[in-house]
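Okay, query-v4.cif now, which holds mmCIF, C-alpha atoms:
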```
data_structure
#
loop_
_atom_site.label_atom_id
_atom_site.label_comp_id
_atom_site.auth_asym_id
_atom_site.auth_seq_id
_atom_site.Cartn_x
_atom_site.Cartn_y
_atom_site.Cartn_z
CA MET A 1417 3.55 7.58 19.07
CA THR A 1418 3.65 10.94 17.28
CA VAL A 1419 4.75 11.34 13.69
CA ALA A 1420 7.90 13.15 14.87
CA GLN A 1421 8.73 10.27 17.23
CA ARG A 1422 8.11 7.75 14.45
CA LEU A 1423 10.41 9.65 12.05
CA ASN A 1424 13.06 9.73 14.74
CA GLU A 1425 12.64 5.99 15.39
CA LEU A 1426 13.08 5.35 11.66
CA GLY A 1427 16.23 7.51 11.62
CA ILE A 1428 14.64 10.04 9.27
CA GLU A 1429 15.42 13.73 9.40
CA LEU A 1430 13.49 15.73 6.84
CA ALA A 1431 15.66 18.02 4.75
CA THR A 1432 14.92 21.65 4.00
CA PRO A 1433 12.68 21.61 0.93
CA ARG A 1434 14.01 22.86 -2.36
CA PRO A 1435 12.13 25.80 -3.87
CA PRO A 1436 9.99 25.14 -6.95
CA GLN A 1437 12.00 24.95 -10.17
CA ALA A 1438 9.47 26.85 -12.31
CA ASN A 1439 6.28 28.95 -12.08
CA TYR A 1440 4.31 26.97 -9.47
CA VAL A 1441 4.06 26.48 -5.71
CA SER A 1442 4.93 23.35 -3.73
CA ALA A 1443 1.53 23.08 -2.06
CA VAL A 1444 -1.99 24.46 -2.40
CA ARG A 1445 -4.45 24.27 0.46
CA THR A 1446 -8.17 24.33 -0.22
CA GLY A 1447 -10.56 23.55 2.59
CA ASN A 1448 -9.15 20.59 4.51
CA LEU A 1449 -7.10 19.28 1.55
CA ILE A 1450 -3.52 20.00 0.58
CA PHE A 1451 -2.41 19.27 -2.99
CA LEU A 1452 1.35 18.76 -3.19
CA SER A 1453 3.12 19.37 -6.49
CA GLY A 1454 5.05 16.58 -8.15
CA THR A 1455 8.46 16.09 -6.56
CA GLY A 1456 11.50 14.13 -7.67
CA PRO A 1457 13.90 11.90 -5.75
CA TYR A 1458 16.26 14.35 -4.05
CA LEU A 1459 19.26 12.84 -2.31
CA PRO A 1460 20.72 14.28 0.92
CA ASP A 1461 23.56 15.93 -1.05
CA GLY A 1462 21.01 17.76 -3.23
CA GLY A 1463 21.49 15.51 -6.25
CA LEU A 1464 18.71 13.59 -7.96
CA VAL A 1465 18.26 9.90 -8.75
CA THR A 1466 18.19 9.82 -12.55
CA GLY A 1467 17.74 7.20 -15.24
CA LYS A 1468 15.13 4.84 -16.58
CA VAL A 1469 13.85 1.98 -14.45
CA GLY A 1470 14.16 -1.19 -16.47
CA GLY A 1471 17.22 0.32 -18.18
CA GLU A 1472 19.96 1.94 -16.09
CA LEU A 1473 18.01 1.38 -12.86
CA THR A 1474 16.64 -1.78 -11.24
CA VAL A 1475 13.24 -2.08 -9.59
CA GLU A 1476 15.01 -1.86 -6.22
CA GLN A 1477 16.77 1.36 -7.22
CA GLY A 1478 13.44 2.73 -8.44
CA TYR A 1479 11.84 1.78 -5.11
CA ALA A 1480 14.59 3.70 -3.28
CA ALA A 1481 14.06 6.68 -5.61
CA ALA A 1482 10.32 6.68 -4.81
CA ARG A 1483 11.20 6.70 -1.11
CA TRP A 1484 13.51 9.72 -1.64
CA ALA A 1485 10.74 11.52 -3.55
CA MET A 1486 8.30 10.87 -0.69
CA LEU A 1487 10.80 12.24 1.83
CA ALA A 1488 10.96 15.43 -0.25
CA LEU A 1489 7.15 15.60 -0.30
CA LEU A 1490 6.99 15.12 3.47
CA ALA A 1491 9.49 17.97 3.91
CA ASN A 1492 7.26 20.22 1.77
CA LEU A 1493 4.22 19.14 3.78
CA GLN A 1494 6.04 19.83 7.06
CA VAL A 1495 6.75 23.40 5.93
CA GLU A 1496 3.15 23.88 4.80
CA LEU A 1497 1.60 22.51 8.01
CA GLY A 1498 4.24 23.19 10.63
CA ASP A 1499 3.41 19.83 12.22
CA LEU A 1500 2.88 16.52 10.39
CA GLU A 1501 0.63 15.45 13.27
CA ARG A 1502 -2.06 17.54 11.53
CA VAL A 1503 -2.29 14.95 8.72
CA ALA A 1504 -5.69 13.29 9.09
CA ARG A 1505 -5.25 11.03 6.05
CA VAL A 1506 -3.11 10.62 2.99
CA VAL A 1507 -5.80 10.59 0.31
CA LYS A 1508 -4.11 9.95 -3.04
CA LEU A 1509 -0.73 9.52 -4.72
CA LEU A 1510 0.16 9.77 -8.36
CA GLY A 1511 3.46 8.02 -8.93
CA MET A 1512 5.17 8.47 -12.30
CA VAL A 1513 8.05 6.20 -13.21
CA ASN A 1514 10.59 7.09 -15.89
CA CYS A 1515 10.93 3.68 -17.49
CA THR A 1516 11.72 1.71 -20.60
CA VAL A 1517 8.88 1.03 -23.01
CA ASP A 1518 8.60 -2.64 -21.98
CA PHE A 1519 8.75 -2.05 -18.20
CA THR A 1520 5.52 -3.04 -16.39
CA ARG A 1521 6.42 -3.07 -12.69
CA GLN A 1522 5.56 0.55 -11.88
CA PRO A 1523 3.47 -0.40 -8.80
CA GLU A 1524 6.48 -2.13 -7.23
CA VAL A 1525 8.57 1.01 -7.74
CA ILE A 1526 5.98 3.38 -6.24
CA ASN A 1527 5.64 1.05 -3.26
CA GLY A 1528 8.80 2.82 -2.04
CA ALA A 1529 6.65 5.89 -1.37
CA SER A 1530 3.55 4.03 -0.21
CA ASP A 1531 5.45 1.82 2.22
CA LEU A 1532 7.12 4.88 3.76
CA LEU A 1533 3.78 6.61 4.29
CA VAL A 1534 2.40 3.59 6.16
CA GLU A 1535 5.62 3.36 8.22
CA VAL A 1536 5.29 7.01 9.22
CA PHE A 1537 1.52 7.50 9.57
CA GLY A 1538 0.18 3.99 10.14
CA GLU A 1539 -3.41 3.59 8.91
CA ARG A 1540 -3.61 7.34 8.19
CA GLY A 1541 -0.93 6.73 5.56
CA ARG A 1542 -2.94 4.20 3.52
CA HIS A 1543 -4.10 5.86 0.34
CA ALA A 1544 -5.58 5.54 -3.12
CA ARG A 1545 -2.88 5.51 -5.79
CA SER A 1546 -1.97 5.46 -9.44
CA ALA A 1547 1.42 4.19 -10.59
CA VAL A 1548 2.15 4.89 -14.23
CA GLY A 1549 5.06 4.64 -16.63
CA MET A 1550 6.39 7.67 -18.47
CA PHE A 1551 8.57 7.91 -21.54
CA ALA A 1552 10.47 10.80 -19.91
CA LEU A 1553 10.42 12.91 -16.76
CA PRO A 1554 12.01 16.33 -16.16
CA ARG A 1555 15.83 16.25 -15.91
CA ASN A 1556 15.67 12.47 -16.47
CA ILE A 1557 14.56 11.89 -12.84
CA ALA A 1558 13.68 8.27 -12.05
CA VAL A 1559 10.30 9.06 -10.45
CA GLU A 1560 8.01 11.97 -9.76
CA ILE A 1561 5.27 11.77 -7.15
CA GLU A 1562 2.40 14.10 -6.27
CA MET A 1563 0.12 13.72 -3.27
CA ILE A 1564 -3.21 14.87 -1.83
CA VAL A 1565 -3.51 15.01 1.95
CA GLU A 1566 -6.48 15.67 4.25
CA ILE A 1567 -5.63 17.78 7.29
CA ALA A 1568 -7.32 18.00 10.68
#
```

Show me the file's structure as structure tokens.
Amino acid sequence: MTVAQRLNELGIELATPRPPQANYVSAVRTGNLIFLSGTGPYLPDGGLVTGKVGGELTVEQGYAAARWAMLALLANLQVELGDLERVARVVKLLGMVNCTVDFTRQPEVINGASDLLVEVFGERGRHARSAVGMFALPRNIAVEIEMIVEIA
């Protein structure tokens, strides 16, 4: 099954990516690697999931936010590559969670992104990862995720 077929089976339609919000680009390709800039959890209506996990947001809401952030990253990757079938391997994620000072379940939140990658790419979606807590993220977004991908 192709990546496009898998997305369709999952009921996922990738949105048009939002342009960068400052002086950077969404993706940089060097050799057979693509480095994707950190992306927040954009909702279909263009809004963002905001708030601190462990405060205003539950772990489950954080998990959903991480999934939304990964969908935004996949949309950026689709534009960069033209075809997600070119992904040879998801190499690494850095997942940042906007959370309260006593919150320690960041890996469970970032699983929202990791689980989606495995659903979409299968074994090619398994990756190395860091999941860290942050005192604050831009615009009070719940999560920010960046990704490194190997392309064929």

Report as a compact mmCIF listing (two decimals) with C-alpha atoms, in the coordinates of the input the full result of the PyMOL selection byres ((chain A and resi 1454-1467) around 9) when it is applied to this structure.
```txt
# COMPACT_ATOMS: atom_id res chain seq x y z
CA ALA A 1431 15.66 18.02 4.75
CA ARG A 1434 14.01 22.86 -2.36
CA SER A 1442 4.93 23.35 -3.73
CA LEU A 1452 1.35 18.76 -3.19
CA SER A 1453 3.12 19.37 -6.49
CA LYS A 1468 15.13 4.84 -16.58
CA VAL A 1469 13.85 1.98 -14.45
CA GLY A 1471 17.22 0.32 -18.18
CA GLU A 1472 19.96 1.94 -16.09
CA LEU A 1473 18.01 1.38 -12.86
CA GLN A 1477 16.77 1.36 -7.22
CA GLY A 1478 13.44 2.73 -8.44
CA ALA A 1480 14.59 3.70 -3.28
CA ALA A 1481 14.06 6.68 -5.61
CA ALA A 1482 10.32 6.68 -4.81
CA ARG A 1483 11.20 6.70 -1.11
CA TRP A 1484 13.51 9.72 -1.64
CA ALA A 1485 10.74 11.52 -3.55
CA MET A 1486 8.30 10.87 -0.69
CA LEU A 1487 10.80 12.24 1.83
CA ALA A 1488 10.96 15.43 -0.25
CA LEU A 1489 7.15 15.60 -0.30
CA LEU A 1510 0.16 9.77 -8.36
CA GLY A 1511 3.46 8.02 -8.93
CA ASN A 1514 10.59 7.09 -15.89
CA CYS A 1515 10.93 3.68 -17.49
CA PRO A 1554 12.01 16.33 -16.16
CA ARG A 1555 15.83 16.25 -15.91
CA ASN A 1556 15.67 12.47 -16.47
CA ILE A 1557 14.56 11.89 -12.84
CA ALA A 1558 13.68 8.27 -12.05
CA VAL A 1559 10.30 9.06 -10.45
CA GLU A 1560 8.01 11.97 -9.76
CA ILE A 1561 5.27 11.77 -7.15
CA GLU A 1562 2.40 14.10 -6.27
CA MET A 1563 0.12 13.72 -3.27
```

Residues near range 1419-1427 of chain A, cut-off 10 Å, all atoms listed in the file, skip fewer than 2 positions along chain, as a list in words: Met1417, Glu1429, Leu1430, Asp1499, Leu1500, Glu1501, Arg1502, Val1503, Leu1532, Glu1535, Val1536, Phe1537 and Gly1538 of chain A

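Between CA of Val1548 in chain A and CA of Val1444 in chain A lies a distance of 23.2 Å.
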
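When CA of Gly1447 in chain A is paired with CA of Glu1539 in chain A, their separation reads 22.1 Å.
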
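Atom pair CA of Glu1476 in chain A / CA of Ile1450 in chain A: separated by 29.5 Å.
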
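Taking only C-alpha atoms into account, Arg1545 in chain A lies nearest to A:Leu1509 out of the set A:Val1517, A:Ile1564, A:Leu1509, A:Val1475.
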
Taking all atoms listed in the file into account, which of A:Val1565, A:Phe1451, A:Arg1540, A:Met1512 comes nearest Asn1527 in chain A? A:Met1512

Nearest residue to Leu1553 in chain A from the set A:Thr1516, A:Pro1523, A:Gly1498, A:Gly1541 (distances using only C-alpha atoms): A:Thr1516

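With all atoms listed in the file as the atoms that count, the minimum distance from Phe1551 in chain A to the choices A:Ile1428, A:Tyr1479, A:Val1525, A:Gly1470 is reached by A:Gly1470.
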
Any idea what's packed within 9 Å of Arg1542 in chain A, counting only C-alpha atoms, ignoring anything in its chain fewer than 6 positions away? Could you give it as number ranges by chain? A: 1505-1508, 1530-1531, 1533-1534
